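> Here it is, the structure in full.
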Amino acid sequence: MEGVVTRYNVTTLATDRLIGEQYASLTASYAFEEDRTATPAAFIEQWQARIEQPPFVE
């Protein structure tokens, strides 16, 4: 992964921009194929395993 941008209180779903304290978004820049150490599927699995999702988050 090359970098991460986190934004609080705003997100975009499809074409809708949603604003409020219940929203957050995260954008990650994935490395070029020749520089990757994991497949896209493995990256997603590893990323999701690190997320601690509160019970109130859908």
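Here, A, B, ... name the chains of the structure tokens in the order displayed, residue numbers run from 1 inside each chain, and ligands are numbered from 1 in the same displayed order.
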Apply DSSP to the structure's backbone, then extract all residues of chain A labelled strand (DSSP E) and return them as a ChimeraX atom specification.
/A:3-13,16-29
> Write out as a count of residues only all residues of chain A that backbone DSSP assigns to helix (DSSP H, G or I).
14
> Could you check how far CA of Arg7 (chain A) sits from CA of Glu21 (chain A), in Å to one decimal?
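Between these atoms lies a distance of 10.8 Å.
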